[in-house]
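**Student:** My questions will all concern the structure given below.
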Amino acid sequence: MKIVIVEDDLMVAAVNREFALKTPELNIVATFYNSKEALEFLAKNPIDLILLDIYMAGYTGLELLKELRRRGNTTEAIIISAANDAEHIEEAFHLGITDYLIKPFTYARFYEAIKKFLLRRSLQLKGTYTQKELDEIINTIMATEKDFSDDSCGVLKKGLQQQTLDKIYECLISEKNCGRFMTSEEISAETNFSKMTIRRYLNYLIEQKKAVSRINYSTGGRPSIEYSVLK
């Protein structure tokens with residue numbers, strides 16, 4: 001697979017390059033230290049994957065992605081950035097990225113992201129699928145997205161913050177909410193976290209058997225997923 005690295009920090013770019021060279025499935029075509037030069041290259045050269053930073057002077061990685069999408073370019077990207085706030089993360093996923101790595105990161109996590117990309121890519125290489133084949137691919141992709149540590153260690157899984165978890169859990173167990181089911185939109189309104197962030201933490205609480213979810217079909221429109229704490 002042909003990849004391009006877009007990173008303005010020379011040391012981080014070197015790490016990205018080292019990890020990519022270590023991965024036999026990847027072929028580095030070019031490395032750029034600013035988004036505008038990368039955009040000019042990508043406009044003329046087909047690439048399979050971009051390893052992309054967000055914070056770059058003048059023209060950010062997300063601005064590069066927006067412009068690519070505006071032009072109809074659907075090249076996949078993995079964000080590699082120090083930006084760890086919900087706003088940047090959610091916007092990046094809305095732009096169709098494959099994965100999001102927060103600096104610093106390990107090669108093991110880097111390779112998980114590449115595996116996810118390769119699995120998604122495999123969907124494009126075959127015309128049709130049986131339900132069983134598709135389920136196997138989806139389940140494998142979902143398994144690579146489990147970026148958390150072992151529950152038995154008694155620590156939060158990777159990518160989660162205790163303060164955020166506490167705030168979401170306190171919302172669920174508050175006097176007015178305890179015992180009732182809430183949508184991620186309702187929790188978002190009370191906590192000011194994005195719906196994507198809330199769903200990640202709720203899934204963790206469900207894994208820890210501290211919360212449950214159900215599907216409400218009586219909304220009059222699309223069914224909604226609702227959450228509540230376990231008594």
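In the structure tokens, the first chain shown is A, the next is B, and so on; residue numbers restart at 1 for each chain, and ligands run from 1 in the order shown.
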Excluding stretch 61-72 of chain A and residues on its chain fewer than 3 positions from it, collect all residues at most 7 Å away from it, counting only C-alpha atoms, and give them as JSON, numbers by chain.
**Tutor:** {"A": [35, 39, 52, 53, 54, 55, 56, 92, 95]}
**Student:** Run DSSP on the backbone and tell me which residues of stretch 34-117 of chain A come out as strand (DSSP E); list them as a PyMOL selection string.
**Tutor:** chain A and resi 49-52+76-81+99-102
**Student:** So that I have them on file, write out the residues from the current selection with N, CA, C and O atoms, as a PDB file, in the first residue's frame.
**Tutor:**
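Just written: selection-v7.pdb:
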ATOM      1  N   LEU A  49      -3.035   5.730   1.563  1.00  0.00           N
ATOM      2  CA  LEU A  49      -3.186   6.133   2.960  1.00  0.00           C
ATOM      3  C   LEU A  49      -2.290   7.321   3.273  1.00  0.00           C
ATOM      4  O   LEU A  49      -1.144   7.397   2.801  1.00  0.00           O
ATOM      5  N   ILE A  50      -2.834   8.248   4.107  1.00  0.00           N
ATOM      6  CA  ILE A  50      -2.054   9.383   4.586  1.00  0.00           C
ATOM      7  C   ILE A  50      -1.867   9.253   6.093  1.00  0.00           C
ATOM      8  O   ILE A  50      -2.836   9.052   6.823  1.00  0.00           O
ATOM      9  N   LEU A  51      -0.631   9.369   6.577  1.00  0.00           N
ATOM     10  CA  LEU A  51      -0.352   9.491   8.003  1.00  0.00           C
ATOM     11  C   LEU A  51      -0.254  10.980   8.280  1.00  0.00           C
ATOM     12  O   LEU A  51       0.698  11.643   7.848  1.00  0.00           O
ATOM     13  N   LEU A  52      -1.225  11.542   8.989  1.00  0.00           N
ATOM     14  CA  LEU A  52      -1.444  12.984   8.986  1.00  0.00           C
ATOM     15  C   LEU A  52      -1.465  13.601  10.377  1.00  0.00           C
ATOM     16  O   LEU A  52      -2.208  13.150  11.256  1.00  0.00           O
ATOM     17  N   GLU A  76      -7.850   7.489   2.299  1.00  0.00           N
ATOM     18  CA  GLU A  76      -7.992   7.265   3.738  1.00  0.00           C
ATOM     19  C   GLU A  76      -6.816   7.878   4.494  1.00  0.00           C
ATOM     20  O   GLU A  76      -5.726   8.045   3.953  1.00  0.00           O
ATOM     21  N   ALA A  77      -7.079   8.203   5.760  1.00  0.00           N
ATOM     22  CA  ALA A  77      -6.053   8.840   6.577  1.00  0.00           C
ATOM     23  C   ALA A  77      -6.081   8.290   7.988  1.00  0.00           C
ATOM     24  O   ALA A  77      -7.138   7.932   8.512  1.00  0.00           O
ATOM     25  N   ILE A  78      -4.903   8.234   8.600  1.00  0.00           N
ATOM     26  CA  ILE A  78      -4.770   7.958  10.027  1.00  0.00           C
ATOM     27  C   ILE A  78      -4.181   9.222  10.649  1.00  0.00           C
ATOM     28  O   ILE A  78      -3.108   9.675  10.237  1.00  0.00           O
ATOM     29  N   ILE A  79      -4.901   9.806  11.589  1.00  0.00           N
ATOM     30  CA  ILE A  79      -4.406  10.994  12.270  1.00  0.00           C
ATOM     31  C   ILE A  79      -3.378  10.577  13.326  1.00  0.00           C
ATOM     32  O   ILE A  79      -3.607   9.655  14.102  1.00  0.00           O
ATOM     33  N   ILE A  80      -2.238  11.267  13.336  1.00  0.00           N
ATOM     34  CA  ILE A  80      -1.220  11.084  14.368  1.00  0.00           C
ATOM     35  C   ILE A  80      -0.938  12.469  14.935  1.00  0.00           C
ATOM     36  O   ILE A  80      -0.285  13.290  14.291  1.00  0.00           O
ATOM     37  N   SER A  81      -1.464  12.746  16.125  1.00  0.00           N
ATOM     38  CA  SER A  81      -1.460  14.121  16.617  1.00  0.00           C
ATOM     39  C   SER A  81      -1.396  14.189  18.140  1.00  0.00           C
ATOM     40  O   SER A  81      -1.775  13.241  18.833  1.00  0.00           O
ATOM     41  N   ASP A  99      -8.345   5.877  11.685  1.00  0.00           N
ATOM     42  CA  ASP A  99      -7.985   5.746  13.093  1.00  0.00           C
ATOM     43  C   ASP A  99      -7.339   7.040  13.557  1.00  0.00           C
ATOM     44  O   ASP A  99      -6.996   7.914  12.742  1.00  0.00           O
ATOM     45  N   TYR A 100      -7.171   7.146  14.875  1.00  0.00           N
ATOM     46  CA  TYR A 100      -6.641   8.371  15.468  1.00  0.00           C
ATOM     47  C   TYR A 100      -5.642   7.974  16.547  1.00  0.00           C
ATOM     48  O   TYR A 100      -6.008   7.337  17.540  1.00  0.00           O
ATOM     49  N   LEU A 101      -4.370   8.329  16.350  1.00  0.00           N
ATOM     50  CA  LEU A 101      -3.319   8.010  17.310  1.00  0.00           C
ATOM     51  C   LEU A 101      -2.882   9.280  18.024  1.00  0.00           C
ATOM     52  O   LEU A 101      -2.551  10.279  17.372  1.00  0.00           O
ATOM     53  N   ILE A 102      -2.877   9.250  19.349  1.00  0.00           N
ATOM     54  CA  ILE A 102      -2.459  10.395  20.140  1.00  0.00           C
ATOM     55  C   ILE A 102      -0.974  10.225  20.500  1.00  0.00           C
ATOM     56  O   ILE A 102      -0.565   9.190  21.038  1.00  0.00           O
TER      57      ILE A 102
END
**Student:** Which residues are near A:Ala211? Cut-off 6 Å, only C-alpha atoms, ignore same chain within fewer than 2 positions. Put them as a ChimeraX atom specification.
**Tutor:** /A:205-206,209,228-230
**Student:** Go ahead and compute the interatomic distance for atom CA of A:Glu133 and atom CA of A:Ala113, in Å to one decimal.
**Tutor:**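 Interatomic distance here is 21.0 Å.
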**Student:** Give the helix (DSSP H, G or I) residues of stretch 7-229 of chain A, as DSSP finds them on the backbone, and put them as an MDAnalysis selection string.
**Tutor:** chainID A and resid 10:21 35:42 61:70 86:94 107:122 131:144 151:153 162:173 184:191 195:207
**Student:** Just the residues within 12 Å of A:Tyr169, please, counting only C-alpha atoms, with nothing from its chain fewer than 6 positions along; format it as number ranges by chain.
**Tutor:** A: 162-163, 177-178, 182, 187, 190-191, 198, 201-206, 210-211, 227-230
**Student:** Taking N, CA, C and O atoms for each residue, export the selection above as a PDB file, in the first residue's frame.
**Tutor:**
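Saved result, part_28.pdb, follows:
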ATOM      1  N   GLN A 162      -9.993   9.618  33.781  1.00  0.00           N
ATOM      2  CA  GLN A 162     -10.807   9.399  34.971  1.00  0.00           C
ATOM      3  C   GLN A 162     -11.771  10.555  35.215  1.00  0.00           C
ATOM      4  O   GLN A 162     -12.924  10.341  35.589  1.00  0.00           O
ATOM      5  N   GLN A 163     -11.318  11.767  35.011  1.00  0.00           N
ATOM      6  CA  GLN A 163     -12.167  12.935  35.264  1.00  0.00           C
ATOM      7  C   GLN A 163     -13.402  12.933  34.361  1.00  0.00           C
ATOM      8  O   GLN A 163     -14.520  13.229  34.808  1.00  0.00           O
ATOM      9  N   ASN A 177     -31.597  11.624  37.608  1.00  0.00           N
ATOM     10  CA  ASN A 177     -31.407  10.676  36.505  1.00  0.00           C
ATOM     11  C   ASN A 177     -31.314   9.223  36.932  1.00  0.00           C
ATOM     12  O   ASN A 177     -31.564   8.323  36.126  1.00  0.00           O
ATOM     13  N   CYS A 178     -30.943   8.961  38.181  1.00  0.00           N
ATOM     14  CA  CYS A 178     -30.720   7.585  38.623  1.00  0.00           C
ATOM     15  C   CYS A 178     -31.990   6.752  38.454  1.00  0.00           C
ATOM     16  O   CYS A 178     -33.073   7.150  38.880  1.00  0.00           O
ATOM     17  N   MET A 182     -31.261   7.216  29.653  1.00  0.00           N
ATOM     18  CA  MET A 182     -30.964   8.476  28.983  1.00  0.00           C
ATOM     19  C   MET A 182     -30.273   8.209  27.645  1.00  0.00           C
ATOM     20  O   MET A 182     -29.509   7.250  27.501  1.00  0.00           O
ATOM     21  N   ILE A 187     -27.269  13.097  27.803  1.00  0.00           N
ATOM     22  CA  ILE A 187     -26.063  13.137  28.632  1.00  0.00           C
ATOM     23  C   ILE A 187     -25.125  14.222  28.126  1.00  0.00           C
ATOM     24  O   ILE A 187     -24.496  14.934  28.913  1.00  0.00           O
ATOM     25  N   GLU A 190     -26.030  17.633  29.395  1.00  0.00           N
ATOM     26  CA  GLU A 190     -25.744  17.870  30.810  1.00  0.00           C
ATOM     27  C   GLU A 190     -24.249  17.932  31.124  1.00  0.00           C
ATOM     28  O   GLU A 190     -23.844  18.559  32.104  1.00  0.00           O
ATOM     29  N   THR A 191     -23.429  17.266  30.303  1.00  0.00           N
ATOM     30  CA  THR A 191     -21.993  17.189  30.607  1.00  0.00           C
ATOM     31  C   THR A 191     -21.120  18.037  29.682  1.00  0.00           C
ATOM     32  O   THR A 191     -19.956  18.271  29.989  1.00  0.00           O
ATOM     33  N   ILE A 198     -19.077  10.417  24.783  1.00  0.00           N
ATOM     34  CA  ILE A 198     -19.987   9.806  25.757  1.00  0.00           C
ATOM     35  C   ILE A 198     -20.201   8.330  25.441  1.00  0.00           C
ATOM     36  O   ILE A 198     -20.176   7.485  26.343  1.00  0.00           O
ATOM     37  N   TYR A 201     -17.268   6.193  26.626  1.00  0.00           N
ATOM     38  CA  TYR A 201     -17.222   5.993  28.072  1.00  0.00           C
ATOM     39  C   TYR A 201     -18.385   5.114  28.541  1.00  0.00           C
ATOM     40  O   TYR A 201     -18.226   4.297  29.466  1.00  0.00           O
ATOM     41  N   LEU A 202     -19.530   5.251  27.911  1.00  0.00           N
ATOM     42  CA  LEU A 202     -20.671   4.403  28.280  1.00  0.00           C
ATOM     43  C   LEU A 202     -20.383   2.946  27.944  1.00  0.00           C
ATOM     44  O   LEU A 202     -20.740   2.037  28.700  1.00  0.00           O
ATOM     45  N   ASN A 203     -19.741   2.710  26.796  1.00  0.00           N
ATOM     46  CA  ASN A 203     -19.377   1.334  26.442  1.00  0.00           C
ATOM     47  C   ASN A 203     -18.425   0.755  27.480  1.00  0.00           C
ATOM     48  O   ASN A 203     -18.501  -0.426  27.826  1.00  0.00           O
ATOM     49  N   TYR A 204     -17.518   1.596  27.992  1.00  0.00           N
ATOM     50  CA  TYR A 204     -16.608   1.141  29.049  1.00  0.00           C
ATOM     51  C   TYR A 204     -17.384   0.801  30.317  1.00  0.00           C
ATOM     52  O   TYR A 204     -17.140  -0.228  30.961  1.00  0.00           O
ATOM     53  N   LEU A 205     -18.330   1.654  30.700  1.00  0.00           N
ATOM     54  CA  LEU A 205     -19.136   1.395  31.903  1.00  0.00           C
ATOM     55  C   LEU A 205     -19.951   0.119  31.749  1.00  0.00           C
ATOM     56  O   LEU A 205     -20.138  -0.633  32.713  1.00  0.00           O
ATOM     57  N   ILE A 206     -20.428  -0.132  30.533  1.00  0.00           N
ATOM     58  CA  ILE A 206     -21.174  -1.367  30.285  1.00  0.00           C
ATOM     59  C   ILE A 206     -20.253  -2.578  30.433  1.00  0.00           C
ATOM     60  O   ILE A 206     -20.619  -3.597  31.031  1.00  0.00           O
ATOM     61  N   LYS A 210     -21.309  -1.590  35.103  1.00  0.00           N
ATOM     62  CA  LYS A 210     -21.817  -0.486  35.912  1.00  0.00           C
ATOM     63  C   LYS A 210     -22.962   0.237  35.225  1.00  0.00           C
ATOM     64  O   LYS A 210     -23.584   1.124  35.804  1.00  0.00           O
ATOM     65  N   ALA A 211     -23.205  -0.137  33.974  1.00  0.00           N
ATOM     66  CA  ALA A 211     -24.294   0.486  33.221  1.00  0.00           C
ATOM     67  C   ALA A 211     -24.862  -0.525  32.235  1.00  0.00           C
ATOM     68  O   ALA A 211     -24.233  -1.553  31.940  1.00  0.00           O
ATOM     69  N   TYR A 227     -29.254   4.644  27.932  1.00  0.00           N
ATOM     70  CA  TYR A 227     -28.330   4.091  28.926  1.00  0.00           C
ATOM     71  C   TYR A 227     -28.813   4.398  30.334  1.00  0.00           C
ATOM     72  O   TYR A 227     -29.448   5.405  30.590  1.00  0.00           O
ATOM     73  N   SER A 228     -28.462   3.491  31.240  1.00  0.00           N
ATOM     74  CA  SER A 228     -28.783   3.702  32.660  1.00  0.00           C
ATOM     75  C   SER A 228     -27.759   2.952  33.501  1.00  0.00           C
ATOM     76  O   SER A 228     -27.111   2.008  33.031  1.00  0.00           O
ATOM     77  N   VAL A 229     -27.590   3.395  34.754  1.00  0.00           N
ATOM     78  CA  VAL A 229     -26.675   2.697  35.651  1.00  0.00           C
ATOM     79  C   VAL A 229     -27.343   1.443  36.183  1.00  0.00           C
ATOM     80  O   VAL A 229     -28.575   1.372  36.300  1.00  0.00           O
ATOM     81  N   LEU A 230     -26.508   0.465  36.495  1.00  0.00           N
ATOM     82  CA  LEU A 230     -27.035  -0.741  37.143  1.00  0.00           C
ATOM     83  C   LEU A 230     -27.269  -0.475  38.620  1.00  0.00           C
ATOM     84  O   LEU A 230     -26.433   0.161  39.286  1.00  0.00           O
TER      85      LEU A 230
END
**Student:** Expressed in Å to a single decimal, how great is the separation between atom CA of A:Glu226 and atom CA of A:Gln208?
**Tutor:**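 According to the coordinates, atom CA of A:Glu226 and atom CA of A:Gln208 are separated by 17.0 Å.
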**Student:** Pick out the closest residue to A:Leu165 from this set: A:Phe193, A:Val212, A:Arg222, A:Asn84. Count only C-alpha atoms.
**Tutor:**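 Smallest separation from A:Leu165 among the options: A:Phe193.
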**Student:** Just checking: using only C-alpha atoms, which residue out of A:Thr197, A:Arg180, A:Ile168, A:Lys2 ends up closest to A:Pro46?
**Tutor:**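 Comparing A:Thr197, A:Arg180, A:Ile168, A:Lys2 against A:Pro46, the winner is A:Lys2.
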**Student:** Could you tell me how far atom CA of A:Ile215 lies from atom CA of A:Ser188, in Å and to one decimal?
**Tutor:**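 Computing the Euclidean distance for atom CA of A:Ile215 and atom CA of A:Ser188 yields 18.0 Å.
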**Student:** Under the rule that only C-alpha atoms are counted, which of A:Thr75, A:Thr23, A:Ser218, A:Asn192 is the nearest residue to A:Leu42?
**Tutor:** A:Thr75
**Student:** Using only C-alpha atoms, which residue out of A:Phe41, A:Tyr217, A:Phe117, A:Phe32 lies closest to A:Gly96?
**Tutor:** A:Phe117
**Student:** Which residues, written as an MDAnalysis selection string, have at least one atom at most 8 Å from stretch 9-16 of chain A, with only C-alpha atoms counted and residues fewer than 4 positions away on the same chain left out?
**Tutor:** chainID A and resid 5 20 31 33 51
**Student:** How would the residues just chosen look if you wrote them out with all heavy atoms as a PDB file, in the first residue's frame?
**Tutor:**
ATOM      1  N   ILE A   5       3.442  10.536   4.344  1.00  0.00           N
ATOM      2  CA  ILE A   5       3.539  11.051   5.707  1.00  0.00           C
ATOM      3  C   ILE A   5       3.480  12.573   5.638  1.00  0.00           C
ATOM      4  O   ILE A   5       4.235  13.196   4.875  1.00  0.00           O
ATOM      5  CB  ILE A   5       4.845  10.598   6.379  1.00  0.00           C
ATOM      6  CG1 ILE A   5       4.873   9.073   6.509  1.00  0.00           C
ATOM      7  CG2 ILE A   5       5.007  11.254   7.749  1.00  0.00           C
ATOM      8  CD1 ILE A   5       6.225   8.517   6.950  1.00  0.00           C
ATOM      9  N   ALA A  20       6.644   2.938   9.739  1.00  0.00           N
ATOM     10  CA  ALA A  20       6.128   2.519   8.433  1.00  0.00           C
ATOM     11  C   ALA A  20       7.095   1.574   7.730  1.00  0.00           C
ATOM     12  O   ALA A  20       6.676   0.578   7.121  1.00  0.00           O
ATOM     13  CB  ALA A  20       5.855   3.749   7.564  1.00  0.00           C
ATOM     14  N   THR A  31       7.315  12.113   1.995  1.00  0.00           N
ATOM     15  CA  THR A  31       7.118  12.728   3.304  1.00  0.00           C
ATOM     16  C   THR A  31       7.065  14.237   3.109  1.00  0.00           C
ATOM     17  O   THR A  31       7.928  14.812   2.433  1.00  0.00           O
ATOM     18  CB  THR A  31       8.272  12.378   4.269  1.00  0.00           C
ATOM     19  OG1 THR A  31       8.330  10.957   4.448  1.00  0.00           O
ATOM     20  CG2 THR A  31       8.056  13.038   5.624  1.00  0.00           C
ATOM     21  N   TYR A  33       6.403  18.140   5.058  1.00  0.00           N
ATOM     22  CA  TYR A  33       6.472  18.829   6.337  1.00  0.00           C
ATOM     23  C   TYR A  33       5.486  19.991   6.425  1.00  0.00           C
ATOM     24  O   TYR A  33       5.510  20.755   7.378  1.00  0.00           O
ATOM     25  CB  TYR A  33       7.905  19.308   6.589  1.00  0.00           C
ATOM     26  CG  TYR A  33       8.886  18.156   6.573  1.00  0.00           C
ATOM     27  CD1 TYR A  33       9.698  17.917   5.472  1.00  0.00           C
ATOM     28  CD2 TYR A  33       8.960  17.267   7.647  1.00  0.00           C
ATOM     29  CE1 TYR A  33      10.578  16.849   5.446  1.00  0.00           C
ATOM     30  CE2 TYR A  33       9.836  16.194   7.635  1.00  0.00           C
ATOM     31  CZ  TYR A  33      10.632  15.984   6.527  1.00  0.00           C
ATOM     32  OH  TYR A  33      11.500  14.899   6.508  1.00  0.00           O
ATOM     33  N   LEU A  51      -0.631   9.369   6.577  1.00  0.00           N
ATOM     34  CA  LEU A  51      -0.352   9.491   8.003  1.00  0.00           C
ATOM     35  C   LEU A  51      -0.254  10.980   8.280  1.00  0.00           C
ATOM     36  O   LEU A  51       0.698  11.643   7.848  1.00  0.00           O
ATOM     37  CB  LEU A  51       0.942   8.776   8.377  1.00  0.00           C
ATOM     38  CG  LEU A  51       1.012   7.278   8.051  1.00  0.00           C
ATOM     39  CD1 LEU A  51       2.337   6.696   8.550  1.00  0.00           C
ATOM     40  CD2 LEU A  51      -0.158   6.521   8.651  1.00  0.00           C
TER      41      LEU A  51
END
**Student:** For a quick check of understanding, using only C-alpha atoms, which of A:Ala108, A:Ile114, A:Ala82, A:Ile97 has the smallest distance to A:Met1?
**Tutor:** A:Ile114
